[in-house]
Structure formats: structure tokens, C-alpha cells
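Accompanying notes for the structure given below.
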Amino acid sequence: MCAISGIIGLSAEPEVIHKMLKTMARRGPDGENYFQEDDAALLHSRLAIIDPQGGRQPMELEWEGERYCLVYNGELYNTAELRRDLENLGHLFQGHSDTEVVLHAYAQYGWECVHHFNGIFALAAWERKRRRLFLARDRIGVKPLFYSRYQGGLLFASEMKTILAYPGFPARLGRTGAAQLILLGPGRLPGSGVFEDIQELEPGCMAFFEAGIWEMTRYWKLLDRVHTDSFEQTAEQVRFLVEDAVLRQMVSDVPIGTFLSGGLDSSIITAICAGKMREQGQRLSTFSVDYQNNDQYFQANKFQPNTDSVYIQCMVDAQQTVHEKTVLTPEDLVGALEAATIARDLPGMADVDFSLLAFCGRIRKRVKVALSGECADEIFGGYPWYRDPEVRERAGFPWAQNTKQRAALLNRDIGRNPEEFVMDAYNQTCRESDILPGTSPEERRMKEMVNLNFRWFMQTLLDRKDRMSMYHGLEVRVPFCDYRIAEYLYGVPWEFKDYQGREKGLLRRAVEGLLPEQVLYRKKSPYPKTFDPRYAELISHRMQELLEKDAPLWQLVSKEAVKTFLHTDSPWPWYGQLMRKPQTMAYFLQLDFWMRHYRVEFCF
């Protein structure tokens, strides 16, 4: 994995390029380089995983009269097959990196190369003679790509901080950005960078920029299809797709490991990886996170019914992995607040971000690549809101049922009715869901739920995983984001996914025999959080200090309204399953730090 950026149609002095490269160093600590001609520059910082010597970027190629230059962030998981196809068409390769295959694929197929890729990617290809830029992002949105059409030119980058480093580019917050931070945060509108004049190329989208003209196209989305497989055939196909995705994503020229929470998804990935490594006479490295004193303070609830430790040990014993457990203190979490905000370039999921940031730092000391179980819940219907009829049938985003309480915090006019703003975004996503005519009302609703989670909640989690891991130069792969799994599962009827009335029942049936019974049938539990009252005390103390200051935060939200909000028990978390009162306070602390660190200016 890497960081990429570019400057097209704008001044790109050497000091500007180096300033932007400096913001990319954490994502790509193994080297930096850039290509420049006239008013076009492509920048790259590298985390070397495949072919450390032959995969250097920017990478250039001359083919059939055109000269190409590529910067690319990601991994292709069908590199070998695609390389063979290209060799049969006359292409010659100097090394074995996927970067070289991506470059040759673009030279051969043009924009249609994206249909040949199975992987996660954000790429930029510059056609030097035509002076045209091509940008593309993977189907699911695992790898980020932001851009700004600035002063007639174009800036793009893996992270917004790199665009903000361009001289004169303002860190401005408009009405829509402010509305997102308070009414939707830490989620955000698809395609929005929250900052004014910064957008994100959406998953499954590509664009050309030529002579100042921007043309963007969606090349992939979830499409409904008639499902003709029986339940047993479906389970068999799911088993094949999951195993194939995991095995493909083990490719690496550096050591790999897996996240292991003891939950279904991470355990499936761990079992497949450990089995493959045993065949090679090796043991898999696994990693888990816990919190100081959680054995004393853990409080079971409907979202988090039990702790992970027993199930983790069960998997370690069954797969004979080399396991490392990271134990974080409340001080570790609070101490990561600022770094996590900088990593994401926005306020995020509070201590769920903080802990992952610290955890990834520990993992990076052992391995450079890790596989993680994100996104199975969105695709297989694992979240509580898929299964709670009351929440499922209620209009609005199921992970943030608190718009009225959020709206009461605003002290600036966002130009629209807050509830209308949220519901418009929700309804648009529901309307965009591809659903076959004649679909039953229940099945229609479940497909809407999948699309809502796919376009919104999953993107927040993918942001979190990418930014927190890449901040430490750790590449985290997410096999359940293989687009083939998403495409197949979208057409599978809900009654199959809900097999035996269990969350992710189909997935459990598909992997029978792979996991110990107690892990296979463990009730879903989310990413662990701390229950230590010391964490709440530390966060409360910092919030109290903020309430006594004339802080930037109070330009956006009412100090008195925040006091009231934080002293009122809400039946709903701020966001998702885990953001309760301490996490909500941490979110506001992040928001204030964000406004100060980025010198955010209001433009409304």
C-alpha cells in the first residue's frame, strides 16, 4: 500500500511537491518519488509489499505511440491471471509487482481495465501525449481517493491533508459540511470530503480530467439478480468465495498476520490463513486487543453480550497460532485522540478509532500486512438493526436514530431543516437500491438495508481501518470486501441469510467444520471497547476544561446545549453500537481539535 497524489494544470514548484510528499510519509515510509512535466506532477510514497525492487513508482510505460505514467495505491488479487492475459497480447514485464500489471492493463484496455481488476485500489494514470488524467477507485471503496477542482486545475490525493498542503488551499467548512459533522458524523455523504471544495471519488467510480474538463462515471454498483441456487448450493458457493478471497489476499513478499477477536469473521479468516501456512511449515501470527481492567468492569449488553478472551484462546489453541495480545490503558486511548483525528482528517469513532490506532502501532512491530474481518456484517446481515423489526421498519439511518437530539446542538443555520437534510440523504440511497420488479416488501426492505449499510456505515468502518492502520504503515486487507462476495450475496434471499434465525446464519452454515463449535455459534459481538470508568473520567475532565474555554467548537454548537445533551440519557448511541456518552464526549473533543489543527474557517 502507498499514498498517491497529483497536481494537474496548476503550479507545482519543487518545494510544493516536497511539502505534499511530507504529508504522505506515514502511509508510505519505504520511499518517495515523483514525476513532473510542465504543469503536471504525480507523487508517490511507498509501503513496499510486493516486489520491493521492481515496484517503484511513479511507473512509466510507452505502448502503441502513447507514453503513460502511473501512481497506484492498492493490491490486485488476480495479478497472475491478468499478467498472463497481457503477456498473450504482447506485453513484456520487468518485475512481478501488481503495479506493473495495472499500468500495462490501462495501456491495453483503457478505462475498461477496471473490469479486469479484482482488488482494492486508487489509481491515477497520466497520458503524456494526450495530456489526460484517468482516476479510478475500487468497487467497494477500500482505498481512499480525494480530489479538488481548484482554480481551473485538479488536485488529488489519498488523504485530504495532502490537498490541504497545497499553497493557498483553504480549510473551509460550509453549511453542508457542518450539517454532516453534527447530523451524520462520523458518517458523511457519499462523495463528500466535508471540507468545502474537497470531494471523494466514490467507490466503483472513475473519472477523466482533460483540458480543464472533469467527466466522472460510475462503473460498478450492486445489482439485483434472480437467485436460482438452492440453499445448499448457496452455502457451498459462499464457502468457495470466502476461502478464495482469503487465500488470494495472503499474497505478500513480507510477513503477514490476522486480527483475531474470537468473533465469527476474524476467526474464519484466521482458520483459512493458519491452514495454508501449516501446509508451508509455518505458523500464523495473530493479534487481539483488550483493555486494562476490562475483566473487572465489563458490562454485558445487547450489543456486546460477552468478552472476547475465551473465544480468542479457543482459536489460538485450535489453530496453533503465534498470538500477541495488546492491552491498552485509558491513558493510551485518551492519548491517541489527536493522532486519530489527524489520521482520519476528521473527527471519527472516538475510542474505537483511538484503540485501533494504538493497536495497529503494536502490530506493525511484528508484521507489515494483516487480514481483518470488516464488512461481513453489512453483506451477510449481521448487525442488530437487520434483525430488529422495530428498527428495521423505522425510516432513517438505523445506526443513528437521534437526529432531533443532534439538531438541537447546532447554533448555526445550515440552510435547511435538519431532519429533512438527513431524510433526503436516507431516501436517496433507498431509491438508488437496485431491486427487481415483483420483489416482496420484506425482501425489498432488506435490500435497501444492505445498500444503506454498504454506502454509509461500511464506508465509515473502511475509513477507520484504512486511516488508523496506514498511519503506522500497516497494510490491512479485508477479504469480505471481495466484490464477488458482495455481488453474489446481494441477490441471495433474506431467508437464506437468516438461516436458523441466527445473524449471519448462512455464513455459519457455509463454514461448518472450519471453526470450533463455540466460536462458530458465538453471538455477534462488535469491536471491543473499554468499560473502565477511568476512561470516562479522563474524557469528562477534558470536556469540562473545554466547556470553560472560548473554544472553536462553540462556534458550531451551543455550549449550553452540549451540557444538556451530555447530562441526558439517550436510548440510542450517538453512532453505531458503541458510541455512548464517553464516546460522544470524545467526538466533540475531536471536533474541537480538528477545527484548531486544520485552522478551519466557516464560509457560511
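How things are named: the first chain in the C-alpha cells is A, the next is B, and so on; residues count from 1 in each chain; ligands count from 1 in the order shown.
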| request: Tell me, as a VMD selection string, which residues lie within 10 Å of range 285-291 of chain A, counting only C-alpha atoms; anything in the same chain fewer than 6 positions away does not count. | output: chain A and resid 255 to 262 266 270 273 to 274 297 to 298 307 to 309 312 315 to 316 320 to 330 332 to 333 355 to 356 358 to 360 362 to 363 366 to 367 370 to 371 527 to 532
| task | Can you list, as a PyMOL selection string, all residues belonging to range 296-358 of chain A that DSSP tags as alpha helix (DSSP H)? | result | chain A and resi 296-297+309-319+330-335+337-344+351-358
Emit the selected residues as a short mmCIF file (atom, residue, chain, number, x, y, z; two decimals), in the first residue's frame, including N, CA, C and O atoms.
```
data_model
loop_
_atom_site.label_atom_id
_atom_site.label_comp_id
_atom_site.auth_asym_id
_atom_site.auth_seq_id
_atom_site.Cartn_x
_atom_site.Cartn_y
_atom_site.Cartn_z
N GLN A 296 -12.71 -6.73 35.10
CA GLN A 296 -13.37 -6.23 36.30
C GLN A 296 -14.61 -5.40 35.96
O GLN A 296 -15.64 -5.47 36.65
N TYR A 297 -14.52 -4.60 34.89
CA TYR A 297 -15.55 -3.60 34.62
C TYR A 297 -16.49 -3.93 33.46
O TYR A 297 -17.45 -3.20 33.22
N SER A 309 -12.05 -12.86 25.25
CA SER A 309 -10.83 -13.60 25.60
C SER A 309 -10.97 -15.12 25.49
O SER A 309 -10.07 -15.80 24.98
N VAL A 310 -12.09 -15.68 25.95
CA VAL A 310 -12.27 -17.14 25.90
C VAL A 310 -12.27 -17.64 24.47
O VAL A 310 -11.66 -18.68 24.14
N TYR A 311 -12.92 -16.90 23.59
CA TYR A 311 -13.05 -17.32 22.19
C TYR A 311 -11.72 -17.15 21.44
O TYR A 311 -11.39 -17.95 20.56
N ILE A 312 -10.99 -16.11 21.78
CA ILE A 312 -9.67 -15.91 21.18
C ILE A 312 -8.76 -17.09 21.53
O ILE A 312 -8.10 -17.67 20.67
N GLN A 313 -8.74 -17.46 22.81
CA GLN A 313 -7.88 -18.56 23.24
C GLN A 313 -8.30 -19.87 22.59
O GLN A 313 -7.44 -20.70 22.22
N CYS A 314 -9.60 -20.04 22.40
CA CYS A 314 -10.09 -21.25 21.72
C CYS A 314 -9.53 -21.33 20.31
O CYS A 314 -9.08 -22.39 19.86
N MET A 315 -9.51 -20.20 19.60
CA MET A 315 -8.99 -20.18 18.24
C MET A 315 -7.47 -20.36 18.22
O MET A 315 -6.92 -21.07 17.36
N VAL A 316 -6.78 -19.73 19.14
CA VAL A 316 -5.31 -19.87 19.21
C VAL A 316 -4.94 -21.33 19.44
O VAL A 316 -4.03 -21.88 18.79
N ASP A 317 -5.67 -21.99 20.35
CA ASP A 317 -5.40 -23.40 20.63
C ASP A 317 -5.72 -24.28 19.42
O ASP A 317 -4.96 -25.20 19.08
N ALA A 318 -6.84 -23.99 18.76
CA ALA A 318 -7.27 -24.82 17.64
C ALA A 318 -6.35 -24.67 16.43
O ALA A 318 -6.08 -25.64 15.72
N GLN A 319 -5.85 -23.45 16.20
CA GLN A 319 -5.05 -23.19 15.00
C GLN A 319 -3.56 -23.10 15.29
O GLN A 319 -2.76 -22.96 14.35
N PRO A 330 -6.68 3.33 29.80
CA PRO A 330 -7.46 4.53 29.49
C PRO A 330 -6.58 5.68 29.01
O PRO A 330 -6.96 6.44 28.12
N GLU A 331 -5.38 5.78 29.59
CA GLU A 331 -4.46 6.84 29.17
C GLU A 331 -4.00 6.65 27.72
O GLU A 331 -3.81 7.63 26.99
N ASP A 332 -3.82 5.37 27.31
CA ASP A 332 -3.47 5.09 25.91
C ASP A 332 -4.55 5.62 24.97
O ASP A 332 -4.25 6.22 23.92
N LEU A 333 -5.80 5.40 25.34
CA LEU A 333 -6.90 5.82 24.48
C LEU A 333 -7.00 7.33 24.39
O LEU A 333 -7.08 7.90 23.29
N VAL A 334 -6.99 7.99 25.53
CA VAL A 334 -7.10 9.45 25.53
C VAL A 334 -5.90 10.08 24.82
O VAL A 334 -6.02 11.07 24.11
N GLY A 335 -4.75 9.44 24.98
CA GLY A 335 -3.54 9.96 24.36
C GLY A 335 -3.52 9.87 22.85
O GLY A 335 -2.71 10.53 22.19
N LEU A 337 -6.20 10.58 20.94
CA LEU A 337 -7.30 11.37 20.40
C LEU A 337 -6.85 12.27 19.25
O LEU A 337 -7.45 12.29 18.18
N GLU A 338 -5.78 13.01 19.48
CA GLU A 338 -5.32 13.95 18.46
C GLU A 338 -4.77 13.22 17.23
O GLU A 338 -5.07 13.58 16.09
N ALA A 339 -3.94 12.20 17.46
CA ALA A 339 -3.35 11.46 16.34
C ALA A 339 -4.42 10.80 15.49
O ALA A 339 -4.32 10.77 14.26
N ALA A 340 -5.45 10.24 16.12
CA ALA A 340 -6.52 9.59 15.37
C ALA A 340 -7.29 10.59 14.52
O ALA A 340 -7.73 10.28 13.41
N THR A 341 -7.45 11.80 15.02
CA THR A 341 -8.13 12.85 14.25
C THR A 341 -7.31 13.25 13.04
O THR A 341 -7.84 13.41 11.93
N ILE A 342 -6.01 13.38 13.24
CA ILE A 342 -5.11 13.72 12.12
C ILE A 342 -5.08 12.58 11.11
O ILE A 342 -5.07 12.80 9.89
N ALA A 343 -5.07 11.35 11.60
CA ALA A 343 -5.03 10.20 10.70
C ALA A 343 -6.25 10.18 9.78
O ALA A 343 -6.13 9.91 8.58
N ARG A 344 -7.42 10.49 10.32
CA ARG A 344 -8.66 10.45 9.54
C ARG A 344 -8.93 11.77 8.82
O ARG A 344 -9.73 11.84 7.91
N ASP A 351 -13.12 6.44 20.78
CA ASP A 351 -12.12 5.49 21.27
C ASP A 351 -12.08 4.21 20.44
O ASP A 351 -11.14 3.43 20.56
N VAL A 352 -13.08 3.98 19.57
CA VAL A 352 -12.98 2.86 18.65
C VAL A 352 -11.87 3.14 17.65
O VAL A 352 -11.13 2.23 17.24
N ASP A 353 -11.72 4.40 17.26
CA ASP A 353 -10.58 4.82 16.45
C ASP A 353 -9.29 4.81 17.27
O ASP A 353 -8.26 4.32 16.82
N PHE A 354 -9.36 5.39 18.46
CA PHE A 354 -8.13 5.55 19.28
C PHE A 354 -7.48 4.19 19.54
O PHE A 354 -6.26 4.04 19.43
N SER A 355 -8.31 3.22 19.91
CA SER A 355 -7.76 1.90 20.25
C SER A 355 -7.18 1.22 19.02
O SER A 355 -6.13 0.58 19.09
N LEU A 356 -7.87 1.35 17.87
CA LEU A 356 -7.35 0.73 16.66
C LEU A 356 -6.03 1.36 16.25
O LEU A 356 -5.12 0.67 15.79
N LEU A 357 -5.92 2.67 16.40
CA LEU A 357 -4.66 3.35 16.07
C LEU A 357 -3.52 2.80 16.90
O LEU A 357 -2.45 2.44 16.37
N ALA A 358 -3.73 2.72 18.22
CA ALA A 358 -2.68 2.21 19.10
C ALA A 358 -2.39 0.73 18.81
O ALA A 358 -1.24 0.29 18.79
#
```
| task | Tell me which protein, DNA and RNA residues are within 12 Å of Gly505 in chain A, counting only C-alpha atoms, leaving out same-chain ones fewer than 5 positions away, and put them as a PyMOL selection string. | result | chain A and resi 231+235+238+264+376-377+380-382+387+494-500+510-512+520-524
Pull C-alpha atoms from the residues just selected and write them as a PDB file, in the first residue's frame.
```pdb
ATOM      1  CA  PHE A 231     -29.741 -23.171  -0.029  1.00  0.00           C
ATOM      2  CA  ALA A 235     -23.744 -22.238   1.156  1.00  0.00           C
ATOM      3  CA  VAL A 238     -20.246 -18.815  -0.200  1.00  0.00           C
ATOM      4  CA  LEU A 264     -17.029 -15.332  13.508  1.00  0.00           C
ATOM      5  CA  ALA A 376     -19.101  -9.331   6.607  1.00  0.00           C
ATOM      6  CA  ASP A 377     -21.892  -7.844   8.746  1.00  0.00           C
ATOM      7  CA  PHE A 380     -24.460 -11.082   5.370  1.00  0.00           C
ATOM      8  CA  GLY A 381     -26.864  -9.060   7.530  1.00  0.00           C
ATOM      9  CA  GLY A 382     -25.115  -9.361  10.870  1.00  0.00           C
ATOM     10  CA  ARG A 387     -32.871  -8.273  12.793  1.00  0.00           C
ATOM     11  CA  TRP A 494     -33.022 -12.917   3.254  1.00  0.00           C
ATOM     12  CA  GLU A 495     -34.438 -16.245   4.415  1.00  0.00           C
ATOM     13  CA  PHE A 496     -31.134 -17.882   3.364  1.00  0.00           C
ATOM     14  CA  LYS A 497     -29.022 -15.277   5.150  1.00  0.00           C
ATOM     15  CA  ASP A 498     -31.231 -15.636   8.229  1.00  0.00           C
ATOM     16  CA  TYR A 499     -30.752 -19.417   8.347  1.00  0.00           C
ATOM     17  CA  GLN A 500     -31.997 -20.875  11.646  1.00  0.00           C
ATOM     18  CA  ALA A 510     -21.121 -22.308   4.909  1.00  0.00           C
ATOM     19  CA  VAL A 511     -18.062 -22.651   7.164  1.00  0.00           C
ATOM     20  CA  GLU A 512     -19.213 -25.574   9.293  1.00  0.00           C
ATOM     21  CA  LEU A 520     -18.996 -20.900  15.075  1.00  0.00           C
ATOM     22  CA  TYR A 521     -22.179 -20.259  17.055  1.00  0.00           C
ATOM     23  CA  ARG A 522     -20.986 -17.366  19.201  1.00  0.00           C
ATOM     24  CA  LYS A 523     -23.492 -14.492  19.256  1.00  0.00           C
ATOM     25  CA  LYS A 524     -22.209 -11.474  17.368  1.00  0.00           C
TER      26      LYS A 524
END
```
| query | What gap, in Å, lies between CA of Arg464 in chain A and CA of Tyr147 in chain A? | reply | 19.2 Å
| Neighbours of Leu47 in chain A within 9 Å (only C-alpha atoms; same-chain residues fewer than 4 positions away dropped), as a PyMOL selection string? | chain A and resi 1-3+27-31+52+368+473-475
If you take only C-alpha atoms and a cut-off of 10 Å, which residues of range 420-457 of chain A touch range 190-200 of chain A, and what are their nearest atom pairs and distances in Å to one decimal, in chain and number order, as a Markdown table?
```
| residue | atom | partner | partner_atom | distance |
| --- | --- | --- | --- | --- |
| A:Ala425 | CA | A:Pro190 | CA | 9.3 |
| A:Thr429 | CA | A:Pro190 | CA | 9.6 |
| A:Arg455 | CA | A:Pro190 | CA | 7.0 |
| A:Trp456 | CA | A:Pro190 | CA | 7.3 |
```
| said: Which residues are close to range 536-541 of chain A, i.e. within 7 Å by only C-alpha atoms, leaving aside same-chain residues fewer than 4 positions away? Reply as a ChimeraX atom specification. | reply: /A:545,582,585-586
| message | Residues within 7 Å of Ile120 in chain A, please, as a list in words. Count only C-alpha atoms; anything in the same chain fewer than 2 positions from it doesn't count. | response | Gly74, Glu75, Leu76, Asp138, Val142 and Lys143 of chain A
Neighbouring residues of Asp51 in chain A were defined as those with any atom within 10 Å, considering only C-alpha atoms; residues of the same chain fewer than 6 positions away were excluded. Please report them as a compact mmCIF listing (two decimals) with N, CA, C and O atoms, in the first residue's frame.
```
# COMPACT_ATOMS: atom_id res chain seq x y z
N GLY A 95 9.35 -6.87 -13.80
CA GLY A 95 9.34 -7.40 -12.43
C GLY A 95 8.07 -8.20 -12.20
O GLY A 95 7.41 -8.63 -13.15
N HIS A 96 7.68 -8.38 -10.91
CA HIS A 96 6.46 -9.15 -10.63
C HIS A 96 5.48 -8.37 -9.77
O HIS A 96 4.61 -8.93 -9.11
N SER A 97 5.58 -7.04 -9.78
CA SER A 97 4.67 -6.23 -8.97
C SER A 97 3.30 -6.10 -9.64
O SER A 97 3.18 -6.15 -10.87
N ASP A 98 2.28 -5.92 -8.82
CA ASP A 98 0.94 -5.68 -9.37
C ASP A 98 0.86 -4.29 -9.99
O ASP A 98 0.05 -4.06 -10.89
N THR A 99 1.71 -3.36 -9.55
CA THR A 99 1.72 -2.02 -10.13
C THR A 99 1.99 -2.09 -11.64
O THR A 99 1.33 -1.43 -12.45
N SER A 252 2.04 -11.97 -0.53
CA SER A 252 2.88 -10.92 0.06
C SER A 252 4.33 -11.36 0.01
O SER A 252 4.63 -12.55 0.14
N ASP A 253 5.23 -10.40 -0.16
CA ASP A 253 6.66 -10.69 -0.06
C ASP A 253 7.20 -10.33 1.33
O ASP A 253 8.41 -10.36 1.55
N VAL A 254 6.29 -9.97 2.24
CA VAL A 254 6.68 -9.65 3.62
C VAL A 254 5.76 -10.43 4.56
O VAL A 254 4.70 -10.93 4.16
```
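Running DSSP on the backbone and keeping only strand (DSSP E), the residues of range 344-549 of chain A that qualify are Val369, Ala370, Leu371, Glu475, Val476 and Arg477 of chain A.
In this structure, CA of Leu462 in chain A sits 16.5 Å away from CA of Leu578 in chain A.
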